[in-house]
file my_file10.cif (mmCIF, N, CA and C atoms)
data_entry
loop_
_atom_site.label_atom_id
_atom_site.label_comp_id
_atom_site.auth_asym_id
_atom_site.auth_seq_id
_atom_site.Cartn_x
_atom_site.Cartn_y
_atom_site.Cartn_z
N MET A 1 65.93 14.10 -11.96
CA MET A 1 66.40 14.44 -13.29
C MET A 1 66.06 15.92 -13.54
N THR A 2 67.03 16.65 -14.04
CA THR A 2 66.85 18.06 -14.36
C THR A 2 66.00 18.18 -15.63
N PRO A 3 64.96 18.99 -15.60
CA PRO A 3 64.13 19.14 -16.80
C PRO A 3 64.89 19.89 -17.89
N PRO A 4 64.45 19.74 -19.15
CA PRO A 4 65.10 20.47 -20.24
C PRO A 4 65.02 21.98 -19.98
N LYS A 5 66.00 22.68 -20.47
CA LYS A 5 66.03 24.14 -20.37
C LYS A 5 64.91 24.76 -21.19
N GLU A 6 64.63 24.15 -22.36
CA GLU A 6 63.59 24.64 -23.26
C GLU A 6 63.15 23.49 -24.16
N ILE A 7 61.85 23.44 -24.45
CA ILE A 7 61.29 22.45 -25.37
C ILE A 7 60.69 23.21 -26.55
N ILE A 8 61.11 22.82 -27.76
CA ILE A 8 60.64 23.48 -28.98
C ILE A 8 60.04 22.43 -29.89
N ARG A 9 58.79 22.65 -30.34
CA ARG A 9 58.13 21.73 -31.26
C ARG A 9 58.30 22.25 -32.68
N LEU A 10 58.79 21.38 -33.56
CA LEU A 10 58.99 21.72 -34.97
C LEU A 10 58.15 20.77 -35.80
N GLY A 11 56.96 21.21 -36.15
CA GLY A 11 56.10 20.30 -36.90
C GLY A 11 55.83 19.07 -36.07
N GLN A 12 56.23 17.92 -36.58
CA GLN A 12 55.94 16.65 -35.92
C GLN A 12 56.98 16.24 -34.90
N PHE A 13 58.16 16.90 -34.88
CA PHE A 13 59.13 16.45 -33.88
C PHE A 13 59.45 17.53 -32.87
N GLU A 14 60.16 17.13 -31.82
CA GLU A 14 60.37 17.97 -30.65
C GLU A 14 61.86 18.03 -30.33
N VAL A 15 62.32 19.22 -29.95
CA VAL A 15 63.70 19.42 -29.54
C VAL A 15 63.69 19.86 -28.08
N ARG A 16 64.46 19.17 -27.25
CA ARG A 16 64.54 19.46 -25.81
C ARG A 16 65.96 19.93 -25.49
N PHE A 17 66.14 21.25 -25.37
CA PHE A 17 67.47 21.80 -25.12
C PHE A 17 67.92 21.52 -23.70
N LEU A 18 69.14 20.99 -23.57
CA LEU A 18 69.75 20.71 -22.28
C LEU A 18 70.82 21.75 -21.95
N LEU A 19 71.62 22.12 -22.96
CA LEU A 19 72.63 23.17 -22.84
C LEU A 19 72.63 23.97 -24.13
N ASP A 20 72.90 25.27 -24.03
CA ASP A 20 73.05 26.07 -25.24
C ASP A 20 74.29 26.93 -25.08
N GLY A 21 74.54 27.79 -26.04
CA GLY A 21 75.74 28.61 -26.02
C GLY A 21 75.86 29.51 -24.80
N ASP A 22 74.72 29.92 -24.24
CA ASP A 22 74.76 30.75 -23.03
C ASP A 22 75.33 29.98 -21.85
N ASP A 23 75.10 28.66 -21.83
CA ASP A 23 75.58 27.83 -20.72
C ASP A 23 77.04 27.42 -20.88
N THR A 24 77.56 27.46 -22.11
CA THR A 24 78.86 26.86 -22.41
C THR A 24 79.86 27.84 -23.04
N ALA A 25 79.60 29.13 -22.88
CA ALA A 25 80.46 30.16 -23.50
C ALA A 25 80.60 29.92 -25.00
N GLY A 26 79.50 29.48 -25.62
CA GLY A 26 79.49 29.28 -27.07
C GLY A 26 80.17 28.04 -27.58
N ARG A 27 80.57 27.14 -26.68
CA ARG A 27 81.34 25.96 -27.09
C ARG A 27 80.48 24.80 -27.60
N ILE A 28 79.30 24.58 -27.00
CA ILE A 28 78.50 23.41 -27.36
C ILE A 28 77.02 23.67 -27.12
N SER A 29 76.20 23.13 -28.00
CA SER A 29 74.74 23.04 -27.77
C SER A 29 74.44 21.56 -27.61
N MET A 30 73.59 21.21 -26.66
CA MET A 30 73.23 19.82 -26.45
C MET A 30 71.72 19.73 -26.28
N PHE A 31 71.11 18.83 -27.07
CA PHE A 31 69.67 18.67 -26.98
C PHE A 31 69.28 17.25 -27.35
N GLU A 32 68.11 16.85 -26.86
CA GLU A 32 67.48 15.61 -27.30
C GLU A 32 66.47 15.99 -28.36
N PHE A 33 66.29 15.11 -29.35
CA PHE A 33 65.19 15.35 -30.27
C PHE A 33 64.42 14.06 -30.46
N ILE A 34 63.11 14.23 -30.49
CA ILE A 34 62.19 13.10 -30.57
C ILE A 34 61.50 13.15 -31.93
N VAL A 35 61.58 12.03 -32.65
CA VAL A 35 61.03 11.96 -34.01
C VAL A 35 60.02 10.83 -34.08
N PRO A 36 58.74 11.14 -34.32
CA PRO A 36 57.75 10.08 -34.47
C PRO A 36 57.94 9.33 -35.78
N PRO A 37 57.39 8.12 -35.88
CA PRO A 37 57.51 7.36 -37.13
C PRO A 37 56.95 8.16 -38.31
N GLY A 38 57.69 8.16 -39.41
CA GLY A 38 57.23 8.81 -40.63
C GLY A 38 57.15 10.32 -40.58
N ALA A 39 57.73 10.96 -39.56
CA ALA A 39 57.64 12.42 -39.41
C ALA A 39 58.34 13.13 -40.56
N ARG A 40 57.82 14.30 -40.89
CA ARG A 40 58.48 15.16 -41.87
C ARG A 40 59.75 15.70 -41.21
N VAL A 41 60.87 15.56 -41.88
CA VAL A 41 62.17 15.92 -41.30
C VAL A 41 62.89 16.91 -42.22
N PRO A 42 63.96 17.55 -41.72
CA PRO A 42 64.69 18.52 -42.55
C PRO A 42 65.26 17.88 -43.82
N ALA A 43 65.35 18.70 -44.86
CA ALA A 43 65.95 18.28 -46.13
C ALA A 43 67.44 17.98 -45.91
N PRO A 44 68.03 17.17 -46.80
CA PRO A 44 69.48 16.98 -46.69
C PRO A 44 70.18 18.34 -46.66
N HIS A 45 71.16 18.44 -45.77
CA HIS A 45 71.86 19.70 -45.57
C HIS A 45 73.22 19.44 -44.97
N TYR A 46 74.00 20.50 -44.85
CA TYR A 46 75.25 20.41 -44.10
C TYR A 46 75.40 21.68 -43.28
N HIS A 47 76.28 21.61 -42.30
CA HIS A 47 76.58 22.77 -41.44
C HIS A 47 77.93 23.30 -41.89
N ASP A 48 78.01 24.58 -42.21
CA ASP A 48 79.27 25.08 -42.73
C ASP A 48 80.34 25.30 -41.66
N GLN A 49 79.94 25.44 -40.38
CA GLN A 49 80.94 25.71 -39.32
C GLN A 49 80.72 24.87 -38.06
N VAL A 50 79.88 23.84 -38.12
CA VAL A 50 79.51 23.11 -36.91
C VAL A 50 79.66 21.60 -37.12
N ASP A 51 80.30 20.94 -36.15
CA ASP A 51 80.34 19.47 -36.11
C ASP A 51 79.17 18.99 -35.27
N GLU A 52 78.63 17.81 -35.62
CA GLU A 52 77.48 17.25 -34.90
C GLU A 52 77.80 15.83 -34.46
N THR A 53 77.53 15.55 -33.19
CA THR A 53 77.70 14.21 -32.64
C THR A 53 76.34 13.74 -32.15
N LEU A 54 75.98 12.49 -32.49
CA LEU A 54 74.66 11.95 -32.16
C LEU A 54 74.83 10.68 -31.34
N TYR A 55 73.88 10.48 -30.42
CA TYR A 55 73.90 9.29 -29.57
C TYR A 55 72.46 8.82 -29.40
N GLY A 56 72.19 7.58 -29.75
CA GLY A 56 70.84 7.03 -29.67
C GLY A 56 70.42 6.73 -28.25
N LEU A 57 69.18 7.11 -27.91
CA LEU A 57 68.62 6.86 -26.58
C LEU A 57 67.44 5.90 -26.63
N GLU A 58 66.54 6.09 -27.61
CA GLU A 58 65.36 5.21 -27.76
C GLU A 58 65.01 5.09 -29.23
N GLY A 59 64.52 3.93 -29.64
CA GLY A 59 64.14 3.71 -31.02
C GLY A 59 65.37 3.69 -31.93
N VAL A 60 65.13 3.62 -33.23
CA VAL A 60 66.23 3.60 -34.21
C VAL A 60 65.97 4.69 -35.25
N LEU A 61 66.86 5.66 -35.29
CA LEU A 61 66.78 6.75 -36.26
C LEU A 61 67.86 6.52 -37.30
N THR A 62 67.49 6.56 -38.57
CA THR A 62 68.46 6.35 -39.64
C THR A 62 69.03 7.70 -40.06
N PHE A 63 70.33 7.85 -39.86
CA PHE A 63 71.05 9.04 -40.30
C PHE A 63 71.83 8.67 -41.55
N THR A 64 71.64 9.43 -42.60
CA THR A 64 72.44 9.25 -43.80
C THR A 64 73.48 10.36 -43.80
N VAL A 65 74.75 9.96 -43.78
CA VAL A 65 75.87 10.88 -43.69
C VAL A 65 76.78 10.62 -44.88
N ASP A 66 76.93 11.62 -45.72
CA ASP A 66 77.77 11.51 -46.92
C ASP A 66 77.37 10.29 -47.75
N GLY A 67 76.04 10.06 -47.85
CA GLY A 67 75.51 8.98 -48.68
C GLY A 67 75.47 7.61 -48.03
N ARG A 68 75.95 7.47 -46.80
CA ARG A 68 75.94 6.18 -46.10
C ARG A 68 74.94 6.21 -44.95
N ALA A 69 74.07 5.22 -44.91
CA ALA A 69 73.05 5.13 -43.87
C ALA A 69 73.63 4.52 -42.60
N HIS A 70 73.26 5.11 -41.46
CA HIS A 70 73.67 4.62 -40.14
C HIS A 70 72.42 4.50 -39.29
N ALA A 71 72.11 3.31 -38.81
CA ALA A 71 70.97 3.10 -37.92
C ALA A 71 71.45 3.40 -36.49
N ILE A 72 70.91 4.48 -35.92
CA ILE A 72 71.35 4.92 -34.59
C ILE A 72 70.28 4.51 -33.58
N GLY A 73 70.57 3.43 -32.87
CA GLY A 73 69.70 2.94 -31.82
C GLY A 73 70.30 3.25 -30.46
N PRO A 74 69.67 2.78 -29.38
CA PRO A 74 70.19 3.04 -28.04
C PRO A 74 71.65 2.60 -27.89
N GLY A 75 72.47 3.52 -27.42
CA GLY A 75 73.88 3.23 -27.20
C GLY A 75 74.75 3.35 -28.43
N GLU A 76 74.17 3.65 -29.59
CA GLU A 76 74.96 3.79 -30.81
C GLU A 76 75.20 5.27 -31.10
N ARG A 77 76.28 5.55 -31.82
CA ARG A 77 76.66 6.93 -32.04
C ARG A 77 77.10 7.17 -33.48
N CYS A 78 77.13 8.46 -33.83
CA CYS A 78 77.50 8.85 -35.18
C CYS A 78 78.09 10.26 -35.10
N PHE A 79 79.12 10.51 -35.88
CA PHE A 79 79.74 11.84 -35.96
C PHE A 79 79.53 12.40 -37.36
N VAL A 80 79.08 13.66 -37.42
CA VAL A 80 78.85 14.34 -38.70
C VAL A 80 79.77 15.56 -38.73
N PRO A 81 80.88 15.47 -39.48
CA PRO A 81 81.78 16.63 -39.55
C PRO A 81 81.16 17.79 -40.31
N ARG A 82 81.55 18.98 -39.97
CA ARG A 82 81.08 20.17 -40.70
C ARG A 82 81.36 19.98 -42.19
N GLY A 83 80.43 20.48 -43.00
CA GLY A 83 80.59 20.40 -44.45
C GLY A 83 80.12 19.10 -45.08
N VAL A 84 79.68 18.12 -44.28
CA VAL A 84 79.25 16.83 -44.80
C VAL A 84 77.71 16.78 -44.85
N VAL A 85 77.18 16.41 -46.01
CA VAL A 85 75.73 16.36 -46.20
C VAL A 85 75.14 15.22 -45.37
N HIS A 86 74.02 15.53 -44.70
CA HIS A 86 73.36 14.52 -43.87
C HIS A 86 71.87 14.82 -43.76
N HIS A 87 71.14 13.81 -43.38
CA HIS A 87 69.71 13.94 -43.06
C HIS A 87 69.31 12.71 -42.27
N PHE A 88 68.09 12.72 -41.74
CA PHE A 88 67.64 11.59 -40.92
C PHE A 88 66.18 11.30 -41.20
N ILE A 89 65.78 10.08 -40.83
CA ILE A 89 64.39 9.65 -40.99
C ILE A 89 64.11 8.53 -39.99
N ASN A 90 62.89 8.51 -39.50
CA ASN A 90 62.45 7.42 -38.63
C ASN A 90 61.53 6.52 -39.45
N THR A 91 62.05 5.38 -39.88
CA THR A 91 61.25 4.43 -40.66
C THR A 91 60.65 3.34 -39.77
N GLY A 92 60.90 3.41 -38.47
CA GLY A 92 60.41 2.40 -37.55
C GLY A 92 58.97 2.63 -37.14
N ALA A 93 58.52 1.84 -36.19
CA ALA A 93 57.13 1.89 -35.72
C ALA A 93 56.99 2.66 -34.41
N GLU A 94 58.11 3.09 -33.81
CA GLU A 94 58.05 3.80 -32.54
C GLU A 94 58.83 5.12 -32.64
N PRO A 95 58.50 6.08 -31.78
CA PRO A 95 59.27 7.32 -31.77
C PRO A 95 60.73 7.06 -31.40
N THR A 96 61.60 7.92 -31.87
CA THR A 96 63.01 7.83 -31.51
C THR A 96 63.36 9.02 -30.61
N ARG A 97 64.37 8.81 -29.79
CA ARG A 97 64.92 9.89 -28.96
C ARG A 97 66.42 9.81 -29.11
N THR A 98 67.02 10.91 -29.58
CA THR A 98 68.44 10.95 -29.89
C THR A 98 69.05 12.19 -29.23
N LEU A 99 70.25 12.03 -28.69
CA LEU A 99 70.98 13.13 -28.11
C LEU A 99 71.89 13.71 -29.19
N ALA A 100 71.87 15.03 -29.34
CA ALA A 100 72.73 15.71 -30.31
C ALA A 100 73.59 16.74 -29.60
N MET A 101 74.86 16.82 -30.02
CA MET A 101 75.77 17.82 -29.50
C MET A 101 76.38 18.53 -30.70
N LEU A 102 76.27 19.85 -30.73
CA LEU A 102 76.78 20.66 -31.82
C LEU A 102 77.91 21.54 -31.30
N THR A 103 79.05 21.51 -32.01
CA THR A 103 80.20 22.32 -31.61
C THR A 103 80.72 23.11 -32.79
N PRO A 104 80.94 24.40 -32.65
CA PRO A 104 80.54 25.23 -31.52
C PRO A 104 79.03 25.41 -31.47
N ALA A 105 78.57 26.19 -30.52
CA ALA A 105 77.13 26.34 -30.24
C ALA A 105 76.48 27.42 -31.09
N THR A 106 76.84 27.51 -32.36
CA THR A 106 76.26 28.56 -33.21
C THR A 106 74.88 28.20 -33.74
N ILE A 107 74.50 26.94 -33.67
CA ILE A 107 73.13 26.51 -34.00
C ILE A 107 72.48 26.18 -32.67
N GLY A 108 71.58 27.06 -32.24
CA GLY A 108 70.98 26.89 -30.92
C GLY A 108 69.48 27.08 -30.94
N PRO A 109 68.90 27.38 -29.79
CA PRO A 109 67.45 27.51 -29.69
C PRO A 109 66.85 28.54 -30.65
N GLU A 110 67.58 29.61 -30.93
CA GLU A 110 67.05 30.65 -31.82
C GLU A 110 66.68 30.06 -33.18
N TYR A 111 67.58 29.22 -33.71
CA TYR A 111 67.32 28.59 -35.00
C TYR A 111 66.05 27.74 -34.94
N PHE A 112 65.95 26.91 -33.92
CA PHE A 112 64.81 26.01 -33.81
C PHE A 112 63.50 26.77 -33.57
N ARG A 113 63.57 27.88 -32.82
CA ARG A 113 62.37 28.71 -32.63
C ARG A 113 61.91 29.30 -33.96
N GLU A 114 62.85 29.82 -34.75
CA GLU A 114 62.49 30.37 -36.06
C GLU A 114 61.87 29.31 -36.96
N MET A 115 62.47 28.13 -36.97
CA MET A 115 61.93 27.05 -37.81
C MET A 115 60.55 26.63 -37.32
N ALA A 116 60.36 26.59 -36.03
CA ALA A 116 59.05 26.23 -35.47
C ALA A 116 57.99 27.21 -35.94
N GLY A 117 58.34 28.49 -36.00
CA GLY A 117 57.41 29.50 -36.49
C GLY A 117 57.01 29.27 -37.94
N LEU A 118 57.95 28.81 -38.75
CA LEU A 118 57.66 28.55 -40.17
C LEU A 118 56.85 27.28 -40.37
N LEU A 119 57.07 26.29 -39.50
CA LEU A 119 56.42 24.99 -39.68
C LEU A 119 55.10 24.87 -38.94
N GLY A 120 54.81 25.81 -38.05
CA GLY A 120 53.64 25.68 -37.19
C GLY A 120 52.35 26.24 -37.75
N GLY A 121 52.37 26.77 -38.97
CA GLY A 121 51.19 27.41 -39.52
C GLY A 121 50.12 26.46 -40.02
N GLY A 122 50.45 25.20 -40.21
CA GLY A 122 49.46 24.24 -40.67
C GLY A 122 49.27 24.20 -42.17
N GLY A 123 49.69 25.24 -42.89
CA GLY A 123 49.56 25.26 -44.34
C GLY A 123 50.83 24.79 -45.01
N PRO A 124 50.94 25.05 -46.32
CA PRO A 124 52.15 24.67 -47.04
C PRO A 124 53.37 25.42 -46.48
N VAL A 125 54.50 24.74 -46.49
CA VAL A 125 55.73 25.33 -45.99
C VAL A 125 56.43 26.04 -47.16
N ASP A 126 56.88 27.27 -46.91
CA ASP A 126 57.61 28.04 -47.92
C ASP A 126 59.07 27.58 -47.92
N ALA A 127 59.43 26.73 -48.88
CA ALA A 127 60.77 26.14 -48.92
C ALA A 127 61.85 27.22 -49.04
N GLY A 128 61.58 28.28 -49.76
CA GLY A 128 62.55 29.36 -49.89
C GLY A 128 62.82 30.04 -48.57
N ARG A 129 61.77 30.27 -47.81
CA ARG A 129 61.90 30.90 -46.49
C ARG A 129 62.65 29.97 -45.52
N VAL A 130 62.34 28.67 -45.59
CA VAL A 130 63.04 27.68 -44.75
C VAL A 130 64.53 27.70 -45.08
N ALA A 131 64.88 27.68 -46.37
CA ALA A 131 66.28 27.69 -46.79
C ALA A 131 66.98 28.98 -46.32
N GLU A 132 66.25 30.10 -46.35
CA GLU A 132 66.82 31.37 -45.91
C GLU A 132 67.15 31.33 -44.42
N VAL A 133 66.22 30.83 -43.60
CA VAL A 133 66.46 30.74 -42.16
C VAL A 133 67.61 29.78 -41.88
N MET A 134 67.60 28.63 -42.56
CA MET A 134 68.69 27.67 -42.37
C MET A 134 70.03 28.33 -42.72
N GLY A 135 70.09 29.02 -43.85
CA GLY A 135 71.33 29.64 -44.28
C GLY A 135 71.85 30.68 -43.31
N ARG A 136 70.94 31.44 -42.73
CA ARG A 136 71.33 32.46 -41.77
C ARG A 136 71.96 31.86 -40.51
N HIS A 137 71.63 30.60 -40.24
CA HIS A 137 72.17 29.92 -39.05
C HIS A 137 73.28 28.93 -39.40
N GLY A 138 73.78 28.99 -40.64
CA GLY A 138 74.92 28.15 -41.01
C GLY A 138 74.57 26.76 -41.51
N LEU A 139 73.31 26.52 -41.87
CA LEU A 139 72.91 25.24 -42.44
C LEU A 139 72.63 25.48 -43.93
N VAL A 140 73.13 24.61 -44.76
CA VAL A 140 72.99 24.78 -46.21
C VAL A 140 72.19 23.60 -46.76
N VAL A 141 71.03 23.91 -47.35
CA VAL A 141 70.19 22.88 -47.95
C VAL A 141 70.84 22.39 -49.23
N VAL A 142 70.82 21.07 -49.44
CA VAL A 142 71.41 20.47 -50.62
C VAL A 142 70.28 19.98 -51.52
N VAL A 143 70.23 20.51 -52.73
CA VAL A 143 69.22 20.10 -53.70
C VAL A 143 69.79 18.94 -54.49
N PRO A 144 69.07 17.81 -54.56
CA PRO A 144 69.57 16.67 -55.32
C PRO A 144 69.82 17.04 -56.78
N SER A 145 70.91 16.52 -57.35
CA SER A 145 71.18 16.81 -58.76
C SER A 145 70.22 16.04 -59.64
N GLY A 146 69.90 16.63 -60.76
CA GLY A 146 69.00 15.98 -61.71
C GLY A 146 67.54 16.13 -61.36
N GLY A 147 67.20 16.96 -60.36
CA GLY A 147 65.82 17.07 -59.98
C GLY A 147 65.42 18.34 -59.49
#
call {"tool": "encode", "arguments": {"input": "my_file10.cif", "output": "structure tokens"}}
result
Amino acid sequence: MTPPKEIIRLGQFEVRFLLDGDDTAGRISMFEFIVPPGARVPAPHYHDQVDETLYGLEGVLTFTVDGRAHAIGPGERCFVPRGVVHHFINTGAEPTRTLAMLTPATIGPEYFREMAGLLGGGGPVDAGRVAEVMGRHGLVVVVPSGG
């Protein structure tokens, strides 16, 4: 088995890059991400120019896409079109491993490295700075209405 091209730790979860834009002429990024039970995960957001396809490998990760929950377990899949609000959470008792493919490859290792730098300090996370980094890479944080 070919090892990941790069492994990036973001707080409690891990991203294992298999392909990025350099490998695919900017067409696709492909990575596995591992989420421990109860891990802190990204806020609800959408990608303004990127479609996301997910495929479950281990455990069950709940993806909420446009307000509908999808339990993604081994062999199950989910498509998140650009512009659609989504987020995920592991409510189970075991870590999950999910394959993600982003097209085009405009969200790649650089984004995850920047986020890792913001989340790795051990102190409080600066939500404004996180939103700024996300926005620069085409991810838009969605603030719940009424709160």
call {"tool": "residues_near_point", "arguments": {"input": "my_file10.cif", "point": "(62.8, 20.4, -33.4)", "cutoff": "8 Å", "atoms": "only N, CA and C atoms", "output": "list in words"}}
result
Ile7, Ile8, Arg9, Leu10, Gly11, Gln12, Phe13, Glu14, Val15, Arg16, Glu32, Phe33, Ile34, Phe112, Arg113, Met115 and Ala116 of chain A
call {"tool": "write_last_selection", "arguments": {"input": "my_file10.cif", "atoms": "N, CA and C atoms", "output": "CSV table (one decimal), keeping the file's coordinate frame"}}
result
chain,number,residue,atom,x,y,z
A,7,ILE,N,61.8,23.4,-24.4
A,7,ILE,CA,61.3,22.4,-25.4
A,7,ILE,C,60.7,23.2,-26.6
A,8,ILE,N,61.1,22.8,-27.8
A,8,ILE,CA,60.6,23.5,-29.0
A,8,ILE,C,60.0,22.4,-29.9
A,9,ARG,N,58.8,22.6,-30.3
A,9,ARG,CA,58.1,21.7,-31.3
A,9,ARG,C,58.3,22.2,-32.7
A,10,LEU,N,58.8,21.4,-33.6
A,10,LEU,CA,59.0,21.7,-35.0
A,10,LEU,C,58.2,20.8,-35.8
A,11,GLY,N,57.0,21.2,-36.2
A,11,GLY,CA,56.1,20.3,-36.9
A,11,GLY,C,55.8,19.1,-36.1
A,12,GLN,N,56.2,17.9,-36.6
A,12,GLN,CA,55.9,16.6,-35.9
A,12,GLN,C,57.0,16.2,-34.9
A,13,PHE,N,58.2,16.9,-34.9
A,13,PHE,CA,59.1,16.4,-33.9
A,13,PHE,C,59.4,17.5,-32.9
A,14,GLU,N,60.2,17.1,-31.8
A,14,GLU,CA,60.4,18.0,-30.6
A,14,GLU,C,61.9,18.0,-30.3
A,15,VAL,N,62.3,19.2,-30.0
A,15,VAL,CA,63.7,19.4,-29.5
A,15,VAL,C,63.7,19.9,-28.1
A,16,ARG,N,64.5,19.2,-27.2
A,16,ARG,CA,64.5,19.5,-25.8
A,16,ARG,C,66.0,19.9,-25.5
A,32,GLU,N,68.1,16.8,-26.9
A,32,GLU,CA,67.5,15.6,-27.3
A,32,GLU,C,66.5,16.0,-28.4
A,33,PHE,N,66.3,15.1,-29.4
A,33,PHE,CA,65.2,15.4,-30.3
A,33,PHE,C,64.4,14.1,-30.5
A,34,ILE,N,63.1,14.2,-30.5
A,34,ILE,CA,62.2,13.1,-30.6
A,34,ILE,C,61.5,13.2,-31.9
A,112,PHE,N,66.0,26.9,-33.9
A,112,PHE,CA,64.8,26.0,-33.8
A,112,PHE,C,63.5,26.8,-33.6
A,113,ARG,N,63.6,27.9,-32.8
A,113,ARG,CA,62.4,28.7,-32.6
A,113,ARG,C,61.9,29.3,-34.0
A,115,MET,N,62.5,28.1,-37.0
A,115,MET,CA,61.9,27.0,-37.8
A,115,MET,C,60.6,26.6,-37.3
A,116,ALA,N,60.4,26.6,-36.0
A,116,ALA,CA,59.0,26.2,-35.5
A,116,ALA,C,58.0,27.2,-35.9
call {"tool": "residues_near_point", "arguments": {"input": "my_file10.cif", "point": "(80.8, 12.3, -38.2)", "cutoff": "8 Å", "atoms": "all atoms listed in the file", "output": "ChimeraX atom specification"}}
result
/A:51-54,65,77-82
call {"tool": "write_last_selection", "arguments": {"input": "my_file10.cif", "atoms": "N, CA and C atoms", "output": "PDB file, in the frame of the given file"}}
result
ATOM      1  N   ASP A  51      80.300  20.940 -36.150  1.00  0.00           N
ATOM      2  CA  ASP A  51      80.340  19.470 -36.110  1.00  0.00           C
ATOM      3  C   ASP A  51      79.170  18.990 -35.270  1.00  0.00           C
ATOM      4  N   GLU A  52      78.630  17.810 -35.620  1.00  0.00           N
ATOM      5  CA  GLU A  52      77.480  17.250 -34.900  1.00  0.00           C
ATOM      6  C   GLU A  52      77.800  15.830 -34.460  1.00  0.00           C
ATOM      7  N   THR A  53      77.530  15.550 -33.190  1.00  0.00           N
ATOM      8  CA  THR A  53      77.700  14.210 -32.640  1.00  0.00           C
ATOM      9  C   THR A  53      76.340  13.740 -32.150  1.00  0.00           C
ATOM     10  N   LEU A  54      75.980  12.490 -32.490  1.00  0.00           N
ATOM     11  CA  LEU A  54      74.660  11.950 -32.160  1.00  0.00           C
ATOM     12  C   LEU A  54      74.830  10.680 -31.340  1.00  0.00           C
ATOM     13  N   VAL A  65      74.750   9.960 -43.780  1.00  0.00           N
ATOM     14  CA  VAL A  65      75.870  10.880 -43.690  1.00  0.00           C
ATOM     15  C   VAL A  65      76.780  10.620 -44.880  1.00  0.00           C
ATOM     16  N   ARG A  77      76.280   5.550 -31.820  1.00  0.00           N
ATOM     17  CA  ARG A  77      76.660   6.930 -32.040  1.00  0.00           C
ATOM     18  C   ARG A  77      77.100   7.170 -33.480  1.00  0.00           C
ATOM     19  N   CYS A  78      77.130   8.460 -33.830  1.00  0.00           N
ATOM     20  CA  CYS A  78      77.500   8.850 -35.180  1.00  0.00           C
ATOM     21  C   CYS A  78      78.090  10.260 -35.100  1.00  0.00           C
ATOM     22  N   PHE A  79      79.120  10.510 -35.880  1.00  0.00           N
ATOM     23  CA  PHE A  79      79.740  11.840 -35.960  1.00  0.00           C
ATOM     24  C   PHE A  79      79.530  12.400 -37.360  1.00  0.00           C
ATOM     25  N   VAL A  80      79.080  13.660 -37.420  1.00  0.00           N
ATOM     26  CA  VAL A  80      78.850  14.340 -38.700  1.00  0.00           C
ATOM     27  C   VAL A  80      79.770  15.560 -38.730  1.00  0.00           C
ATOM     28  N   PRO A  81      80.880  15.470 -39.480  1.00  0.00           N
ATOM     29  CA  PRO A  81      81.780  16.630 -39.550  1.00  0.00           C
ATOM     30  C   PRO A  81      81.160  17.790 -40.310  1.00  0.00           C
ATOM     31  N   ARG A  82      81.550  18.980 -39.970  1.00  0.00           N
ATOM     32  CA  ARG A  82      81.080  20.170 -40.700  1.00  0.00           C
ATOM     33  C   ARG A  82      81.360  19.980 -42.190  1.00  0.00           C
TER      34      ARG A  82
END
call {"tool": "atom_distance", "arguments": {"input": "my_file10.cif", "atom1": "atom N of A:Leu102", "atom2": "atom N of A:Ala39"}}
result
22.4 Å
call {"tool": "select_by_dssp", "arguments": {"input": "my_file10.cif", "residues": "stretch 48-131 of chain A", "states": "helix (DSSP H, G or I)", "output": "CSV table (one decimal) with N, CA and C atoms, in the frame of the given file"}}
result
chain,number,residue,atom,x,y,z
A,109,PRO,N,68.9,27.4,-29.8
A,109,PRO,CA,67.4,27.5,-29.7
A,109,PRO,C,66.8,28.5,-30.6
A,110,GLU,N,67.6,29.6,-30.9
A,110,GLU,CA,67.0,30.6,-31.8
A,110,GLU,C,66.7,30.1,-33.2
A,111,TYR,N,67.6,29.2,-33.7
A,111,TYR,CA,67.3,28.6,-35.0
A,111,TYR,C,66.0,27.7,-34.9
A,112,PHE,N,66.0,26.9,-33.9
A,112,PHE,CA,64.8,26.0,-33.8
A,112,PHE,C,63.5,26.8,-33.6
A,113,ARG,N,63.6,27.9,-32.8
A,113,ARG,CA,62.4,28.7,-32.6
A,113,ARG,C,61.9,29.3,-34.0
A,114,GLU,N,62.8,29.8,-34.8
A,114,GLU,CA,62.5,30.4,-36.1
A,114,GLU,C,61.9,29.3,-37.0
A,115,MET,N,62.5,28.1,-37.0
A,115,MET,CA,61.9,27.0,-37.8
A,115,MET,C,60.6,26.6,-37.3
A,116,ALA,N,60.4,26.6,-36.0
A,116,ALA,CA,59.0,26.2,-35.5
A,116,ALA,C,58.0,27.2,-35.9
A,117,GLY,N,58.3,28.5,-36.0
A,117,GLY,CA,57.4,29.5,-36.5
A,117,GLY,C,57.0,29.3,-37.9
A,118,LEU,N,58.0,28.8,-38.8
A,118,LEU,CA,57.7,28.6,-40.2
A,118,LEU,C,56.8,27.3,-40.4
A,119,LEU,N,57.1,26.3,-39.5
A,119,LEU,CA,56.4,25.0,-39.7
A,119,LEU,C,55.1,24.9,-38.9
A,127,ALA,N,59.4,26.7,-48.9
A,127,ALA,CA,60.8,26.1,-48.9
A,127,ALA,C,61.8,27.2,-49.0
A,128,GLY,N,61.6,28.3,-49.8
A,128,GLY,CA,62.6,29.4,-49.9
A,128,GLY,C,62.8,30.0,-48.6
A,129,ARG,N,61.8,30.3,-47.8
A,129,ARG,CA,61.9,30.9,-46.5
A,129,ARG,C,62.6,30.0,-45.5
A,130,VAL,N,62.3,28.7,-45.6
A,130,VAL,CA,63.0,27.7,-44.8
A,130,VAL,C,64.5,27.7,-45.1
A,131,ALA,N,64.9,27.7,-46.4
A,131,ALA,CA,66.3,27.7,-46.8
A,131,ALA,C,67.0,29.0,-46.3
call {"tool": "atom_distance", "arguments": {"input": "my_file10.cif", "atom1": "atom N of A:Thr91", "atom2": "atom N of A:Arg68"}}
result
15.7 Å
call {"tool": "atom_distance", "arguments": {"input": "my_file10.cif", "atom1": "atom C of A:Tyr111", "atom2": "atom C of A:Tyr46"}}
result
13.9 Å
call {"tool": "resolve_selection", "arguments": {"input": "my_file10.cif", "expression": "the PyMOL selection byres ((chain A and resi 95) around 7)", "output": "number ranges by chain"}}
result
A: 34-37, 58-60, 92-94, 96-97
